[in-house]
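**Q** Have a look at this one before I ask anything.
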Amino acid sequence: MKPMSTRPAIMEFANRPILFVSAFAAYTLALLLGVLSPYLVETAALTPFYTNAPISEILGSPCGLLLYVASGCQRCMVYPWLGASLFTALLIAMAFVLRWAFRVSDAWFGLCWIPSFALLVNYTQLGYLIYTVKHPAIAFAEPLGLLIAFCLIGLWYRLNDWRWKVAFMLLVPTVGFWLFGFFGLVVLPFLGFCELAIARFLLSNQPTGKKSWPQFLWGLSLFLAGFLLPVILRAVLQLQIDIEMGHVSFTNDQRDMRNPWFIAYLFPTAFACFRFVGKKFWMTIVAAVVFVALAIAAYTYSFRDPNFLNTLKMKHAAEAGKWEQVLQLANENQKEPTRAQVCLTRLALFKTGRMGDELFTYPEGSAAYNAPQQNQWLRLMIGPLLYYHYGKLGFAYRWAMEDLVEYGERPAYLRYLLNVACLNGEEALAHRYERALTRTLFNDDVQKEVEKEVNAIRPLLNFNDQLDGDNGLVEFYLLNSFSLSQGGSREMVELSLMNSLITKNLTGFWHRFMALLPTWQGRIPTHYQEAALMVAQLQGASPVPDLPVDPTIQQRFQRLIDASARRGDNAANAIALRPEFGNTYWYYYFFVEGLKTN
Amino acid sequence: MKESKSISKSYRKPLPSLTGRDKGVGLLLLLLSLIACSPSLPEQFEEVTWRASITPDNFGATLPPNIAPLNFRILRGDADEAVTCIHSEKGGEIIVGGWNVSFDEDDWHRLLDLTRGDSLYVDIYMKAYGHWEHLPTLSYFIANEPIDSYITYRHIRPSYVTYEELTLHERCLESFDERVIYENMRFKDSNQGQCINCHLPRNWNREAQSQFHVRQAFGGTVFIHGDQVTKINLKTDSTLSAGVYPAWHPTQNLIAYSVNETGQVFHTLDPQKIEVIDYASDLILYNLDENTVQHIDHTALEFESFPTWSPDGNTLYYISAHYTCRADDIDADLDTNYDQLHYNIYARDFDQQTHRFGPRRLVFDAEAIGKSASTPRVSPDGKYILFTLADYGQFHIWHKSADLVIISLNPEGFSSDCFTLESLNSPESESYHSWSSNGRWILFSSRRDDGNYTRLYISYFDSDGHVHKPFRLPQQSSDTDDLLLRSYNAAEFLVQPLQPTQRQLRRAIKTDARPATYTGSALLHFETDSASFLPVNPAVDRRRESVGY
């Protein structure tokens, strides 16, 4: 038997595009749905998209059509399976169109996935920056734009009649620019460069049967048309050539995040300059190795920070009113939490009425956000949410509006503007926001959502209005605002008591404690018992003669005093006493130090 | 929702290709189909007394004879069909079918022209459960006096500290044509963000002169004269800030500005949301010919702002509040006592030969009635001052108590009577306003629609000094303003469009601003208090959230 007979069979099998498609689809869907699902949901919430935007608005500016379609697709990420499927299908289509455009052979097909992987990373690498990138369709705009650009490139290579070619040169940078923005603009210079490069290569090698001079001239014409027509367009119509809208990566300051973009754009040049048409077995192997390497690289460079993803899950659960799930997620987190996670946990404990019993049993921490500019992420992620649920309506509205101004009419902001308008009794304003929200895709039941939380928030509005500013320091403001507040509803007094414990400001402890005492109906929550014991100890006496403290808590407190007295050293005590007393207020008061807010 | 069909509109369906003799037949068929499909009034209907919900509801307003069509949307309810007929007793009618009532511009203008000085009637018929009903007839009154053809305004989010896309617009009031004069996102570098504001023409742009401010990147005040654009830096070492609220002198190349140290502080609960407070302010006079800046009012404990000239140019009106010093830290004090600042209207005579101002005199004592005045504007005939009156402060766009008020001036320039313009005001804020060049129309900002997003309204001011019910700035689609999450800001009338293109403006803005020179006081007599003023620290050091004027 000749071994030759098996190799073509393997080759034939390995060269089947379905293998790459299946592998890529499985990989991408696993990454997007298995790991990054909350990121997709958040992406959708940050996508401004109006279903019934007038056509004049859609076509009223360059790239309008592409951005409209892209943001519509991106909004589908509300349902991660739908958004991920669309995104994956788009990246797969891009690989196929690339193969078609440059007539890449089956053996080299593995290389056609380079731009797809690059654009996958381009989206998944953003992490926290998703909040600050000012782009309406960060995930879909580039794949869609590049897909169109590749289609146009493929079309050019299949035009034989010079008249069609001239029409192509005139239409792509004008009509193409208008419809697809930057992606329409890059096609001609790219083709010009490719044609010139090929022509030069052919000229220098004098290949037989090829006339390279016409190609050279076409290349030159493409190049000139690609640059001159936009300039003329700009001069005559005074259009702004908006390069930034063409690529997400350039809208943030992280230069290293631009690499996938460069790869996605530059690699097709190699396809144009060097024909990938062979059918050798080693080509298949090389292409397959590249494919696997790309998959590993894409996974490596995707932003999978556990705290980030956990915060998003907690946030989505909070927005759905699933407070128990928020607490479950807080417990499941293996790493030191960020302040955003701590704040969401505290909010969930307040909502479930378990703040007094469990607040200090949950992990504390102030882990750095895995992103630059530490001070803004808490506000950007959950600022309006926290303010809204704690009844600080002025600031919930303010930050939702500030972010809407800065980053666009994202549903994430509109929902808080609507919620606050409803609670303020601003019916006409609420109707305006409701109308805006229902015009976005998959946001039909907005009113129902508002009604859910209203009754829980109303008791927190029992305070006098004043002029104030938070400088964007949400947690700091909330802590101080509650810990320094006086009076109000039962809920407000409890928040006041707890926040004064958190800030370790014990002035006025007994006043708040006594105000709440009758409401506990005989059973004082654990942390308040702990605090009462401790404050009585520190201040020498308790105003309550028979403080109804559980004997086990009293014994535990005594053990803490004895144990800490034995060692004496505070740092050593912090470590040694943590296993036994780490879930008490005493431990928090004496040993937890240096926590940051925000 | 059904498309509206105006009687004169052609249908949008593509016509079959016709040749030769068939063309005549085709055209006849087309004509017949047009007639057959045109909306017509029902022959049988029942008279009812209920009114349909309509947005915007401008009925009862007095309209200029040259205004663009007042399209509207009828909220459908249970009805299946609607037909609207607009007609005049002097003849002529337009019939429009559907819920989005959109009039053909030519038909509308013909009808308005015919109806000058008379009422225009609107009959709405609605079909529900197979029966047509005729709703009570509504009407407009068409005035004889036309309105200025153009207005300018800024689109801005009702925002707090941040701003992103700001655009200055020019709108033709006779049609729906609108163009962007300048947009601040022309410079894409994020470090080149600009705030653009206070576009103000001189004499309704009759001399093709106007100005607006650019703050932050490429900052300066942009002066437009014909198609010439220059940029000046009005900030000097001796003044609080660059020029803020401008007032062109009607006859000379002079502009009075306020200079303000402004900050924003936020309500924790009050739906008014924001207080924009001046922690210090003065008045300056800028001479365009000499490029010089002089102080007009420079008193530490008086907060002067919003200057405006009398039509003859002999008097400068402005508002001023006396600040009673209660603490060392003005910021902290005003954050608590912001509602204790009450602005009155004052005036100073101006000598047009020497460019000197006389002593100030009280024109309207708002404080005496526990109120605060802002944005005075003198009518073109010099007989009235129109201004906003609220409970406190001067940035009345955020004050729900803000209403438009008019006072008549006696020959000496003092006020005699004060009228609250009931038919103009609403429970929400009415604020920035301007007079048309003929003094018969008032353009003003109002938040009456939802309390937050400012929309433009126009009201007729008749020769007897009465205001009539206003109408909202007409839009091609009623959805335009209902869905827009931006406010209209600082609107002004123009008699002719601005000349420079966006590119000319951008080019001028990119150049360095020419600095103005400070040349001392413009007061005729030295005023003792004007020399003593509190030390002025940079706003960023003192204000937590400062406004970038």
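Identifiers in the structure tokens: chain A, B, ... in order shown; residue index from 1 per chain; ligand index from 1 in order shown.
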Considering only C-alpha atoms, return as a list in words whatever protein or nucleic-acid residues lie within 9 Å of Glu494 (chain A), sequence-local ones (same chain, fewer than 6 positions apart) excluded.
**A**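 Listing them by chain and then by number gives Gly356, Arg512, Phe513 and Leu516 of chain A.
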**Q** Would you kindly report the residues of chain B within 7 Å of chain A, using only C-alpha atoms, as a PDB file with N, CA and C atoms, in the first residue's frame?
**A**
ATOM      1  N   ARG B 157     -27.740  69.313  26.168  1.00  0.00           N
ATOM      2  CA  ARG B 157     -28.433  68.455  27.140  1.00  0.00           C
ATOM      3  C   ARG B 157     -28.665  69.292  28.405  1.00  0.00           C
ATOM      4  N   SER B 159     -27.736  69.464  31.176  1.00  0.00           N
ATOM      5  CA  SER B 159     -26.711  68.719  31.901  1.00  0.00           C
ATOM      6  C   SER B 159     -26.194  69.496  33.096  1.00  0.00           C
ATOM      7  N   TYR B 160     -25.270  68.900  33.750  1.00  0.00           N
ATOM      8  CA  TYR B 160     -24.753  69.433  34.995  1.00  0.00           C
ATOM      9  C   TYR B 160     -23.360  70.018  34.733  1.00  0.00           C
ATOM     10  N   THR B 162     -20.735  68.044  32.885  1.00  0.00           N
ATOM     11  CA  THR B 162     -20.180  67.569  31.621  1.00  0.00           C
ATOM     12  C   THR B 162     -20.924  68.177  30.443  1.00  0.00           C
ATOM     13  N   TYR B 163     -20.259  68.248  29.347  1.00  0.00           N
ATOM     14  CA  TYR B 163     -20.931  68.571  28.090  1.00  0.00           C
ATOM     15  C   TYR B 163     -20.186  67.825  27.012  1.00  0.00           C
ATOM     16  N   GLU B 164     -20.878  67.492  25.960  1.00  0.00           N
ATOM     17  CA  GLU B 164     -20.222  66.756  24.886  1.00  0.00           C
ATOM     18  C   GLU B 164     -20.555  67.441  23.567  1.00  0.00           C
ATOM     19  N   VAL B 265     -24.038  73.708  42.109  1.00  0.00           N
ATOM     20  CA  VAL B 265     -24.201  72.834  43.270  1.00  0.00           C
ATOM     21  C   VAL B 265     -25.509  72.077  43.065  1.00  0.00           C
ATOM     22  N   PHE B 266     -25.597  70.902  43.662  1.00  0.00           N
ATOM     23  CA  PHE B 266     -26.669  69.988  43.284  1.00  0.00           C
ATOM     24  C   PHE B 266     -27.628  69.731  44.428  1.00  0.00           C
ATOM     25  N   HIS B 267     -28.903  69.772  44.106  1.00  0.00           N
ATOM     26  CA  HIS B 267     -29.929  69.438  45.093  1.00  0.00           C
ATOM     27  C   HIS B 267     -29.892  67.935  45.344  1.00  0.00           C
ATOM     28  N   THR B 268     -30.048  67.568  46.606  1.00  0.00           N
ATOM     29  CA  THR B 268     -30.060  66.139  46.908  1.00  0.00           C
ATOM     30  C   THR B 268     -31.433  65.529  46.630  1.00  0.00           C
ATOM     31  N   LEU B 269     -32.479  66.338  46.670  1.00  0.00           N
ATOM     32  CA  LEU B 269     -33.824  65.779  46.501  1.00  0.00           C
ATOM     33  C   LEU B 269     -34.736  66.627  45.621  1.00  0.00           C
ATOM     34  N   ASP B 270     -34.584  67.916  45.686  1.00  0.00           N
ATOM     35  CA  ASP B 270     -35.484  68.819  44.979  1.00  0.00           C
ATOM     36  C   ASP B 270     -35.432  68.558  43.467  1.00  0.00           C
ATOM     37  N   PRO B 271     -36.586  68.371  42.821  1.00  0.00           N
ATOM     38  CA  PRO B 271     -36.586  68.140  41.366  1.00  0.00           C
ATOM     39  C   PRO B 271     -36.057  69.323  40.548  1.00  0.00           C
ATOM     40  N   LYS B 273     -33.185  70.246  40.844  1.00  0.00           N
ATOM     41  CA  LYS B 273     -31.932  69.542  40.551  1.00  0.00           C
ATOM     42  C   LYS B 273     -30.639  70.334  40.726  1.00  0.00           C
ATOM     43  N   ASP B 335     -23.876  78.226  49.415  1.00  0.00           N
ATOM     44  CA  ASP B 335     -24.420  76.869  49.283  1.00  0.00           C
ATOM     45  C   ASP B 335     -25.595  76.670  50.238  1.00  0.00           C
ATOM     46  N   ASP B 449     -43.254  71.598  29.080  1.00  0.00           N
ATOM     47  CA  ASP B 449     -43.635  70.274  28.571  1.00  0.00           C
ATOM     48  C   ASP B 449     -43.354  69.152  29.568  1.00  0.00           C
ATOM     49  N   ASP B 450     -42.208  69.222  30.241  1.00  0.00           N
ATOM     50  CA  ASP B 450     -41.901  68.146  31.183  1.00  0.00           C
ATOM     51  C   ASP B 450     -41.056  68.598  32.373  1.00  0.00           C
ATOM     52  N   GLY B 451     -40.792  69.890  32.441  1.00  0.00           N
ATOM     53  CA  GLY B 451     -40.053  70.401  33.591  1.00  0.00           C
ATOM     54  C   GLY B 451     -38.553  70.315  33.469  1.00  0.00           C
ATOM     55  N   ASN B 452     -38.051  69.658  32.434  1.00  0.00           N
ATOM     56  CA  ASN B 452     -36.601  69.496  32.316  1.00  0.00           C
ATOM     57  C   ASN B 452     -36.018  69.887  30.968  1.00  0.00           C
ATOM     58  N   LEU B 483     -39.259  63.582  21.192  1.00  0.00           N
ATOM     59  CA  LEU B 483     -38.235  62.543  21.383  1.00  0.00           C
ATOM     60  C   LEU B 483     -36.847  63.114  21.638  1.00  0.00           C
TER      61      LEU B 483
END
**Q** Can you work out the spacing between CA of Pro551 (chain A) and CA of Tyr585 (chain A) in Å, to one decimal?
**A** 16.5 Å
**Q** Could you name the residues that touch region 554-561 of chain A at 9 Å or less, counting only C-alpha atoms, but leaving out those on the same chain fewer than 3 positions away, as a list in words?
**A** Gln529, Glu530, Leu533, Met534, Val549, Asp550, Pro551, Ser564, Ala565, Arg566, Leu577, Glu580, Phe581, Trp586 and Tyr587 of chain A
**Q** Rank nothing, just name the residue among B:Ile442, B:Ile124, B:Ile156, B:Ala522 nearest to Pro359 (chain B), using only C-alpha atoms.
**A**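 When distances to Pro359 (chain B) are compared using only C-alpha atoms, the smallest one comes from B:Ala522.
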**Q** Near Val493 (chain A), counting only C-alpha atoms, which residues have an atom at most 10 Å away, once you skip same-chain residues fewer than 3 positions from it, shown as number ranges by chain?
**A** A: 460, 482-483, 485-490, 496-499, 511-513, 515-516
**Q** Hey, what's within 8 Å of Leu33 (chain A) if we count only C-alpha atoms and toss same-chain stuff fewer than 3 positions away? As a PyMOL selection string, please?
**A** chain A and resi 29-30+36-37+80-81+84
**Q** Please provide the set of residues having any atom within 8 Å of region 309-320 of chain B, restricted to only C-alpha atoms, with same-chain residues fewer than 6 positions apart removed, written as a list in words.
**A**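 The residues satisfying every condition are Ala247, Trp248, His249, Pro250, Thr251, Glu302, Phe303, Tyr343, Asn344, Ile345, Tyr346, Ala347, Arg348, Asp349, Phe350, Asp351, Gln352, Ala373, Ser374, Thr375, Pro376, Arg377, Val378, Ser379, Pro380, Asp381 and Gly382 of chain B.
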**Q** Let's have the selection written as a JSON list (two decimals), in the first residue's frame, with N, CA and C atoms.
**A**
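For reference, selection22.json as written:
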[["chain", "number", "residue", "atom", "x", "y", "z"],
["B", 247, "ALA", "N", -24.32, 92.04, 25.56],
["B", 247, "ALA", "CA", -25.36, 92.97, 25.09],
["B", 247, "ALA", "C", -24.71, 93.91, 24.09],
["B", 248, "TRP", "N", -25.10, 93.76, 22.82],
["B", 248, "TRP", "CA", -24.54, 94.64, 21.78],
["B", 248, "TRP", "C", -25.16, 96.04, 21.92],
["B", 249, "HIS", "N", -24.31, 97.02, 21.81],
["B", 249, "HIS", "CA", -24.85, 98.38, 21.74],
["B", 249, "HIS", "C", -25.53, 98.55, 20.38],
["B", 250, "PRO", "N", -26.71, 99.19, 20.35],
["B", 250, "PRO", "CA", -27.47, 99.22, 19.08],
["B", 250, "PRO", "C", -26.82, 100.05, 17.98],
["B", 251, "THR", "N", -26.01, 101.03, 18.36],
["B", 251, "THR", "CA", -25.49, 101.90, 17.31],
["B", 251, "THR", "C", -23.97, 101.94, 17.25],
["B", 302, "GLU", "N", -21.78, 93.53, 45.29],
["B", 302, "GLU", "CA", -22.90, 93.60, 44.35],
["B", 302, "GLU", "C", -22.60, 92.63, 43.22],
["B", 303, "PHE", "N", -23.53, 91.75, 42.94],
["B", 303, "PHE", "CA", -23.35, 90.77, 41.87],
["B", 303, "PHE", "C", -24.16, 91.23, 40.65],
["B", 343, "TYR", "N", -32.08, 89.43, 43.01],
["B", 343, "TYR", "CA", -31.56, 90.36, 42.02],
["B", 343, "TYR", "C", -32.64, 91.38, 41.64],
["B", 344, "ASN", "N", -32.24, 92.65, 41.63],
["B", 344, "ASN", "CA", -33.11, 93.73, 41.16],
["B", 344, "ASN", "C", -32.65, 94.18, 39.78],
["B", 345, "ILE", "N", -33.47, 94.98, 39.14],
["B", 345, "ILE", "CA", -33.06, 95.54, 37.85],
["B", 345, "ILE", "C", -32.60, 96.98, 38.07],
["B", 346, "TYR", "N", -31.43, 97.28, 37.57],
["B", 346, "TYR", "CA", -30.86, 98.62, 37.69],
["B", 346, "TYR", "C", -30.57, 99.17, 36.29],
["B", 347, "ALA", "N", -30.28, 100.44, 36.25],
["B", 347, "ALA", "CA", -29.91, 101.06, 34.98],
["B", 347, "ALA", "C", -28.82, 102.10, 35.21],
["B", 348, "ARG", "N", -28.04, 102.32, 34.18],
["B", 348, "ARG", "CA", -27.06, 103.42, 34.18],
["B", 348, "ARG", "C", -27.19, 104.16, 32.85],
["B", 349, "ASP", "N", -27.19, 105.46, 32.92],
["B", 349, "ASP", "CA", -27.19, 106.25, 31.69],
["B", 349, "ASP", "C", -25.83, 106.12, 31.03],
["B", 350, "PHE", "N", -25.84, 106.19, 29.70],
["B", 350, "PHE", "CA", -24.59, 106.03, 28.95],
["B", 350, "PHE", "C", -24.41, 107.21, 28.01],
["B", 351, "ASP", "N", -23.27, 107.83, 28.12],
["B", 351, "ASP", "CA", -22.95, 108.95, 27.23],
["B", 351, "ASP", "C", -22.26, 108.38, 25.99],
["B", 352, "GLN", "N", -22.94, 108.46, 24.87],
["B", 352, "GLN", "CA", -22.40, 107.82, 23.67],
["B", 352, "GLN", "C", -21.19, 108.56, 23.08],
["B", 373, "ALA", "N", -35.10, 89.03, 39.90],
["B", 373, "ALA", "CA", -35.27, 89.26, 38.45],
["B", 373, "ALA", "C", -34.03, 88.80, 37.69],
["B", 374, "SER", "N", -34.24, 88.43, 36.45],
["B", 374, "SER", "CA", -33.10, 88.06, 35.61],
["B", 374, "SER", "C", -33.44, 88.31, 34.14],
["B", 375, "THR", "N", -32.39, 88.41, 33.34],
["B", 375, "THR", "CA", -32.46, 88.53, 31.88],
["B", 375, "THR", "C", -33.42, 89.62, 31.40],
["B", 376, "PRO", "N", -33.20, 90.86, 31.80],
["B", 376, "PRO", "CA", -34.07, 91.92, 31.28],
["B", 376, "PRO", "C", -33.80, 92.15, 29.79],
["B", 377, "ARG", "N", -34.86, 92.39, 29.05],
["B", 377, "ARG", "CA", -34.74, 92.71, 27.63],
["B", 377, "ARG", "C", -35.71, 93.84, 27.29],
["B", 378, "VAL", "N", -35.19, 94.93, 26.74],
["B", 378, "VAL", "CA", -36.03, 96.09, 26.44],
["B", 378, "VAL", "C", -36.68, 95.90, 25.07],
["B", 379, "SER", "N", -37.96, 96.23, 24.99],
["B", 379, "SER", "CA", -38.67, 96.07, 23.71],
["B", 379, "SER", "C", -38.09, 97.04, 22.68],
["B", 380, "PRO", "N", -38.20, 96.72, 21.40],
["B", 380, "PRO", "CA", -37.61, 97.59, 20.37],
["B", 380, "PRO", "C", -38.14, 99.01, 20.38],
["B", 381, "ASP", "N", -39.37, 99.21, 20.89],
["B", 381, "ASP", "CA", -39.89, 100.59, 20.96],
["B", 381, "ASP", "C", -39.48, 101.28, 22.26],
["B", 382, "GLY", "N", -38.77, 100.58, 23.11],
["B", 382, "GLY", "CA", -38.25, 101.16, 24.35],
["B", 382, "GLY", "C", -39.28, 101.34, 25.43]]
